[in-house]
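Here the structure comes first, spelled out in structure tokens, and everything after it is commentary.
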Amino acid sequence: MTSKEKVAALREEMQKNNVDAFIVYSADPHMSEYLPEEWQERAWLSGFLGSAGFAVVTKDKAGLWTDGRYFTQAAIELDGSGIDLFKDGIEGTPNYIDWIISEIPAGGKVAVNALAASNANWELLSQKFNSKNITLADIPLLKEVWKERGTPSANPIFVHPVERAGKSVADKLSAIRQKMEEQEATVHIISSLDDVAWTSNLRGSDVQSNPVFLGYIVITKNDAVLFTGLEKLEVEARKQMDDSFVKMMPYEEFYNYLNAFKNEKVLVSPNSNQQIFETLKANNQFIKAPVPGNLMKAQKNETELEGFRTVMVRDGVAMVKFLYWLTHNAGKEAMNEYSIGEKLRGFRAEGKNFVGESFGSIIGYKDNGAIMHYSAKKEGSKDVTNEETILVDSGGQYLEGTTDITRTFALGTPSEEFKRNSTLVLQGLIRLSMVKFPKGTRGVQLDAIARLPLWMEAKDYNHGTGHGVGSFMNVHEGPQSIRKDLNPQELLPGMVLSNEPGYYLEGHYGIRHENLIAVKEAEKTIHGTFYQFETLTFCPFFKDTVVKEILSENEIAWLNDYHKTCEEKIAPYLEGEVKEWFLQLVSPL
């Protein structure tokens with residue numbers, strides 16, 4: 001079926017159920033960013049494969065809302081679908097709820113699948129629709145339309161040992177219960193997959209590139225219960241749960257278990273699915289607040305930070321070998337964006353404890369580099385030769401940690417314009433790497449530092465500068481970020497983030513430079529406690545695209561020091577021509 005045919009089939013179901021509009025969020029029952037195959041409803045319906053965005057279908061119109069990372073990609077993938085692209089965050093783009101209200105009759109009905117809609121979204125919809133006499137209903141219409149959807153994976157669930165986690169399950173449960181007590185909660189529900197994995201010190205592979213498994217955890221004063229596929233738990237995983245006094249129940253029993261709760265004060269995130277709230281609301285009170293473990297997870301302990309440092313050397317070695325191969329073979333042997341990604345995976349796979357990619361590699365050659373989250377397909381990806389420029393954004397999952405790195409460089413002779421813009425982006429990365437900031441600083445306050453070199457020339461980029469990164473966990477992790485949005489979460493020691501300014505000229509090229517950084521204490525002064533960033537990534541930048549005159553002396557010194565550190569960390573693992581080339585790459589600017 002084409003997207004057009006799928007939308008037509010959905011409209012038939014809407015008519016049967018007297019529904020005027022149906023909302024398809026990009027979500028599963030755990031509100032994940034990256035979804036198990038069987039929950040990729042929006043992608044299946046629309047053909048748009050980006051990680052962010054949602055669709056709305058009315059009786060005669062359809063729209064898809066997504067953010068700036070995906071404008072170019074979405075326009076291509078929606079072509080011929082009959083679904084209009086709405087560019088979120090751009091002036092003139094209507095809010096999707098206002099758009100629905102304008103498109104359906106007064107007294108109409110809007111349907112959503114409560115399992116794939118957050119409580120926060122549900123409440124917002126209810127509030128706006130009630131004022132217009134529009135009914136909001138839980139009707140999972142795609143159940144009837146998407147007949148061939150897959151089934152949950154049977155992949156094993158295995159132990160993430162305390163030697164790598166740095167904190168036992170018992171200690172984590174104790175810390176969570178303390179937070180529950182402070183908030184006077186008697187029950188706590190954890191539904192986000194990375195929080196379930198972190199709390200239980202278990203890992204899996206139910207979601208591509210994310211070492212998580214389908215599960216929920218319910219914690220009371222005296223009990224903790226893990227709901228998951230029991231047949232998937234390895235022997236050591238079962239033992240760890242038993243030793244930590246965590247009961248295990250089948251994944252399917254979760255909602256039945258919730259039905260037994262009466263007169264409880266339930267601590268649950270408003271980003272949990274609405275079905276949880278529907279199940280509990282008649283007999284219990286809600287304390288809607290972030291999952292306490294979410295912030296604990298974000299502040300990496302010293303064991304986890306040491307894991308990051310370890311895998312960054314391993315990943316840096318793989319990257320240098322890959323960069324040598326690509327720069328010396330482009331134009332000499334046949335290759336395309338997809339095959340380059342496979343080759344890069346192969347270099348990483350040579351490293352100890354490599355589990356897989358931390359996301360699908362973004363290999364954007366020439367103008368495809370301007371598609372921020374471009375994904376090269378096996379069939380029809382662009383051939384790569386020794387001309388112009390290429391953007392390579394990739395990462396690995398290792399048992400000790402997670403990596404995410406971007407390098408943009410020339411395979412031929414870059415234009416002066418490209419070199420200037422590349423230097424401005426690198427300057428933003430360097431400035432953010434060097435900054436000191438007082439305790440209490442939010443990411444939004446640092447975002448401008450990375451953008452300033454571009455802003456001074458009236459240029460910008462349409463994505464965040466930094467996202468949180470997990471410890472052998474999801475490559476995108478909250479609650480911290482560095483972006484224009486007013487995220488109230490302050491940056492705290494142990495938080496790991498990306499540092500990835502960019503610049504994109506549609507139809508020509510894209511530039512992004514990215515390292516991972518960790519927040520650490522710098523010093524205490526009469527003005528308070530100050531933090532700074534530790535750069536975790538070890539991989540050189542290409543000096544042939546740097547316009548030295550743009551950088552200050554301090555910025556040049558930072559780059560030279562960084563390259564010296566790369567040499568110390570990586571050179572011992574290289575030999576022959578690769579090592580000679582690498583030593584040239586890290587020589588002073």
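Just so we're on the same page: first chain in the structure tokens is A, next is B, and so on; residues restart at 1 for each chain, and ligands are numbered from 1 in the order they show up.
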
Stretch 220-231 of chain A surroundings by only C-alpha atoms, 6 Å radius, close-in-sequence under 4 positions cut, as a ChimeraX atom specification:
/A:186-187,215-216,246-251

Kindly save the residues from that selection, with N, CA, C and O atoms included, as a short mmCIF file (atom, residue, chain, number, x, y, z; two decimals), in the first residue's frame.
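Listed below is the output, again.cif:
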```
data_model
loop_
_atom_site.label_atom_id
_atom_site.label_comp_id
_atom_site.auth_asym_id
_atom_site.auth_seq_id
_atom_site.Cartn_x
_atom_site.Cartn_y
_atom_site.Cartn_z
N THR A 186 2.89 7.10 47.39
CA THR A 186 2.86 5.71 47.89
C THR A 186 3.15 4.71 46.78
O THR A 186 3.51 3.56 47.05
N VAL A 187 2.98 5.14 45.52
CA VAL A 187 3.25 4.29 44.35
C VAL A 187 3.99 5.13 43.32
O VAL A 187 3.69 6.32 43.15
N GLY A 215 9.41 -2.70 28.92
CA GLY A 215 9.15 -2.99 30.32
C GLY A 215 8.59 -1.80 31.08
O GLY A 215 8.67 -0.66 30.63
N TYR A 216 8.00 -2.07 32.21
CA TYR A 216 7.55 -1.07 33.17
C TYR A 216 8.08 -1.47 34.54
O TYR A 216 8.33 -2.66 34.80
N VAL A 246 13.39 -7.51 43.55
CA VAL A 246 12.48 -7.00 42.52
C VAL A 246 11.69 -8.18 41.97
O VAL A 246 12.27 -9.14 41.46
N LYS A 247 10.37 -8.11 42.10
CA LYS A 247 9.52 -9.18 41.55
C LYS A 247 9.46 -9.04 40.03
O LYS A 247 9.62 -7.94 39.49
N MET A 248 9.20 -10.14 39.36
CA MET A 248 9.10 -10.13 37.89
C MET A 248 7.73 -10.64 37.47
O MET A 248 7.28 -11.68 37.95
N MET A 249 7.06 -9.89 36.60
CA MET A 249 5.75 -10.29 36.10
C MET A 249 5.70 -10.09 34.59
O MET A 249 6.46 -9.27 34.03
N PRO A 250 4.82 -10.80 33.89
CA PRO A 250 4.72 -10.65 32.43
C PRO A 250 4.35 -9.22 32.03
O PRO A 250 3.54 -8.57 32.72
N TYR A 251 4.91 -8.77 30.94
CA TYR A 251 4.66 -7.42 30.41
C TYR A 251 3.15 -7.16 30.27
O TYR A 251 2.66 -6.08 30.59
#
```

Name the residues in contact with A:Leu141 at a cut-off of 8 Å, using only C-alpha atoms, excluding same-chain residues fewer than 2 positions from it; report them as a ChimeraX atom specification.
/A:10,13-14,113,139,143-145

Export of the given selection (C-alpha atoms) as a PDB file, in the first residue's frame:
```pdb
ATOM      1  CA  LEU A  10      -7.708   5.065   7.753  1.00  0.00           C
ATOM      2  CA  GLU A  13     -12.205   3.430   9.715  1.00  0.00           C
ATOM      3  CA  MET A  14     -12.766   7.032  10.798  1.00  0.00           C
ATOM      4  CA  ASN A 113      -4.653   5.887  20.666  1.00  0.00           C
ATOM      5  CA  ILE A 139      -9.947   4.764  19.578  1.00  0.00           C
ATOM      6  CA  LYS A 143      -5.176  -1.469  14.753  1.00  0.00           C
ATOM      7  CA  GLU A 144      -7.704  -2.191  12.026  1.00  0.00           C
ATOM      8  CA  VAL A 145      -5.734  -0.577   9.200  1.00  0.00           C
TER       9      VAL A 145
END
```

Name the closest residue to A:Asn301 among the candidates A:Arg11, A:His373, A:Arg442, A:Arg164; distances are taken between atoms, counting only C-alpha atoms.
A:Arg164

Distance query stretch 313-319 of chain A at most 8 Å, only C-alpha atoms, self and fewer than 2 positions along chain excluded, as a PDB file with N, CA and C atoms, in the first residue's frame:
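Written out: result_7.pdb:
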```pdb
ATOM      1  N   ARG A 309      35.235   7.652  28.980  1.00  0.00           N
ATOM      2  CA  ARG A 309      36.621   7.957  28.592  1.00  0.00           C
ATOM      3  C   ARG A 309      37.282   6.764  27.915  1.00  0.00           C
ATOM      4  N   THR A 310      36.984   5.586  28.412  1.00  0.00           N
ATOM      5  CA  THR A 310      37.562   4.364  27.849  1.00  0.00           C
ATOM      6  C   THR A 310      37.091   4.141  26.412  1.00  0.00           C
ATOM      7  N   VAL A 311      35.768   4.234  26.203  1.00  0.00           N
ATOM      8  CA  VAL A 311      35.258   3.935  24.853  1.00  0.00           C
ATOM      9  C   VAL A 311      35.558   5.054  23.871  1.00  0.00           C
ATOM     10  N   LYS A 321      40.991   5.415  11.695  1.00  0.00           N
ATOM     11  CA  LYS A 321      41.211   4.403  10.651  1.00  0.00           C
ATOM     12  C   LYS A 321      40.203   4.573   9.519  1.00  0.00           C
ATOM     13  N   PHE A 322      38.955   4.854   9.900  1.00  0.00           N
ATOM     14  CA  PHE A 322      37.911   5.082   8.893  1.00  0.00           C
ATOM     15  C   PHE A 322      38.213   6.332   8.062  1.00  0.00           C
ATOM     16  N   LEU A 323      38.573   7.432   8.730  1.00  0.00           N
ATOM     17  CA  LEU A 323      38.835   8.686   8.011  1.00  0.00           C
ATOM     18  C   LEU A 323      40.023   8.535   7.063  1.00  0.00           C
ATOM     19  N   LEU A 344      32.201   2.092   8.046  1.00  0.00           N
ATOM     20  CA  LEU A 344      32.464   2.708   9.350  1.00  0.00           C
ATOM     21  C   LEU A 344      32.043   1.769  10.477  1.00  0.00           C
ATOM     22  N   PHE A 347      34.754  -0.777  11.028  1.00  0.00           N
ATOM     23  CA  PHE A 347      35.905  -0.300  11.806  1.00  0.00           C
ATOM     24  C   PHE A 347      35.577  -0.295  13.299  1.00  0.00           C
ATOM     25  N   ARG A 348      34.362   0.134  13.648  1.00  0.00           N
ATOM     26  CA  ARG A 348      33.967   0.125  15.065  1.00  0.00           C
ATOM     27  C   ARG A 348      33.879  -1.303  15.605  1.00  0.00           C
ATOM     28  N   GLU A 350      35.618  -3.735  15.096  1.00  0.00           N
ATOM     29  CA  GLU A 350      36.924  -4.294  15.456  1.00  0.00           C
ATOM     30  C   GLU A 350      37.276  -4.004  16.914  1.00  0.00           C
ATOM     31  N   GLY A 351      36.594  -3.039  17.506  1.00  0.00           N
ATOM     32  CA  GLY A 351      36.894  -2.619  18.872  1.00  0.00           C
ATOM     33  C   GLY A 351      36.282  -3.545  19.911  1.00  0.00           C
ATOM     34  N   LYS A 352      36.900  -3.614  21.052  1.00  0.00           N
ATOM     35  CA  LYS A 352      36.445  -4.452  22.166  1.00  0.00           C
ATOM     36  C   LYS A 352      35.060  -4.005  22.656  1.00  0.00           C
ATOM     37  N   GLY A 396      28.681   4.785  18.404  1.00  0.00           N
ATOM     38  CA  GLY A 396      28.713   3.372  18.744  1.00  0.00           C
ATOM     39  C   GLY A 396      28.179   3.105  20.137  1.00  0.00           C
ATOM     40  N   THR A 403      28.844   6.519  22.245  1.00  0.00           N
ATOM     41  CA  THR A 403      29.545   7.608  21.561  1.00  0.00           C
ATOM     42  C   THR A 403      28.659   8.241  20.494  1.00  0.00           C
ATOM     43  N   THR A 537      35.422  13.335  23.653  1.00  0.00           N
ATOM     44  CA  THR A 537      35.691  12.756  22.335  1.00  0.00           C
ATOM     45  C   THR A 537      37.144  12.982  21.928  1.00  0.00           C
ATOM     46  N   PHE A 538      37.752  11.967  21.348  1.00  0.00           N
ATOM     47  CA  PHE A 538      39.133  12.082  20.863  1.00  0.00           C
ATOM     48  C   PHE A 538      39.191  11.726  19.380  1.00  0.00           C
ATOM     49  N   CYS A 539      39.169  12.746  18.544  1.00  0.00           N
ATOM     50  CA  CYS A 539      39.286  12.545  17.094  1.00  0.00           C
ATOM     51  C   CYS A 539      39.599  13.897  16.473  1.00  0.00           C
ATOM     52  N   LYS A 569      46.271   9.983  23.176  1.00  0.00           N
ATOM     53  CA  LYS A 569      45.303   8.917  23.428  1.00  0.00           C
ATOM     54  C   LYS A 569      45.291   7.865  22.311  1.00  0.00           C
ATOM     55  N   ILE A 570      45.434   8.308  21.054  1.00  0.00           N
ATOM     56  CA  ILE A 570      45.139   7.435  19.921  1.00  0.00           C
ATOM     57  C   ILE A 570      46.385   6.876  19.231  1.00  0.00           C
ATOM     58  N   TYR A 573      47.768   3.257  19.339  1.00  0.00           N
ATOM     59  CA  TYR A 573      46.988   2.168  18.743  1.00  0.00           C
ATOM     60  C   TYR A 573      47.048   2.175  17.210  1.00  0.00           C
ATOM     61  N   LEU A 574      47.877   3.052  16.651  1.00  0.00           N
ATOM     62  CA  LEU A 574      47.999   3.153  15.194  1.00  0.00           C
ATOM     63  C   LEU A 574      49.394   2.739  14.753  1.00  0.00           C
TER      64      LEU A 574
END
```

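Those residues that approach A:Thr413 to within 12 Å, counting only C-alpha atoms, are Thr385, Asn386, Glu387, Glu388, Thr389, Ile390, Phe409, Glu417, Phe418, Lys419, Asp544 and Thr545 of chain A; same-chain residues fewer than 4 positions away are not listed.
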
Hey, what does DSSP flag as helix (DSSP H, G or I) within stretch 111-318 of chain A? Can you give it to me as a PyMOL selection string?
chain A and resi 114-116+119-130+142-145+162-165+169-182+193-200+230-232+235-243+251-259+274-280+292-298+302-318

Suppose you want the space between atom CA of A:Pro493 and atom CA of A:Val159; what is it in Å?
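These atoms are spaced 26.3 Å apart.
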
What are the nearest atom pairs, with distances in Å to one decimal, for all residues of stretch 189-253 of chain A that come at most 12 Å from stretch 276-286 of chain A, using only C-alpha atoms, set out by chain and rising residue number as a Markdown table?
```
| residue | atom | partner | partner_atom | distance |
| --- | --- | --- | --- | --- |
| A:Ile189 | CA | A:Ile276 | CA | 9.1 |
| A:Ile190 | CA | A:Ile276 | CA | 10.7 |
| A:Ser191 | CA | A:Ile276 | CA | 9.4 |
| A:Tyr216 | CA | A:Ile276 | CA | 11.0 |
| A:Val218 | CA | A:Ile276 | CA | 11.7 |
```

Long-range neighbours of A:Gln275 as a list in words, 12 Å cut-off, only C-alpha atoms, 4 positions minimum in chain:
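My reading of the contact set: Asp28, Pro29, His30, Met31, Val112, Asn113, Ala114, Leu115, Ala116, Ala117, Ser118, Asn119, Trp122, Ala137, Asp138, Ile139, Pro140, Ser191, Phe254, Tyr255, Asn256, Leu258, Asn259, Pro270, Asn271, Thr279, Leu280 and Lys281 of chain A.
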
Rank A:Leu486, A:Val496, A:Ala376, A:Ala9 by their smallest atom-to-atom distance to A:Thr402, using only C-alpha atoms, and report the top residue only.
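Nearest candidate to A:Thr402 out of A:Leu486, A:Val496, A:Ala376, A:Ala9: A:Val496.
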
Counting only C-alpha atoms, figure out which residue out of A:Ile217, A:Leu35, A:Ala330, A:Ile100 gets nearest to A:Ala62.
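So, comparing all the options, the nearest one is A:Ile100.
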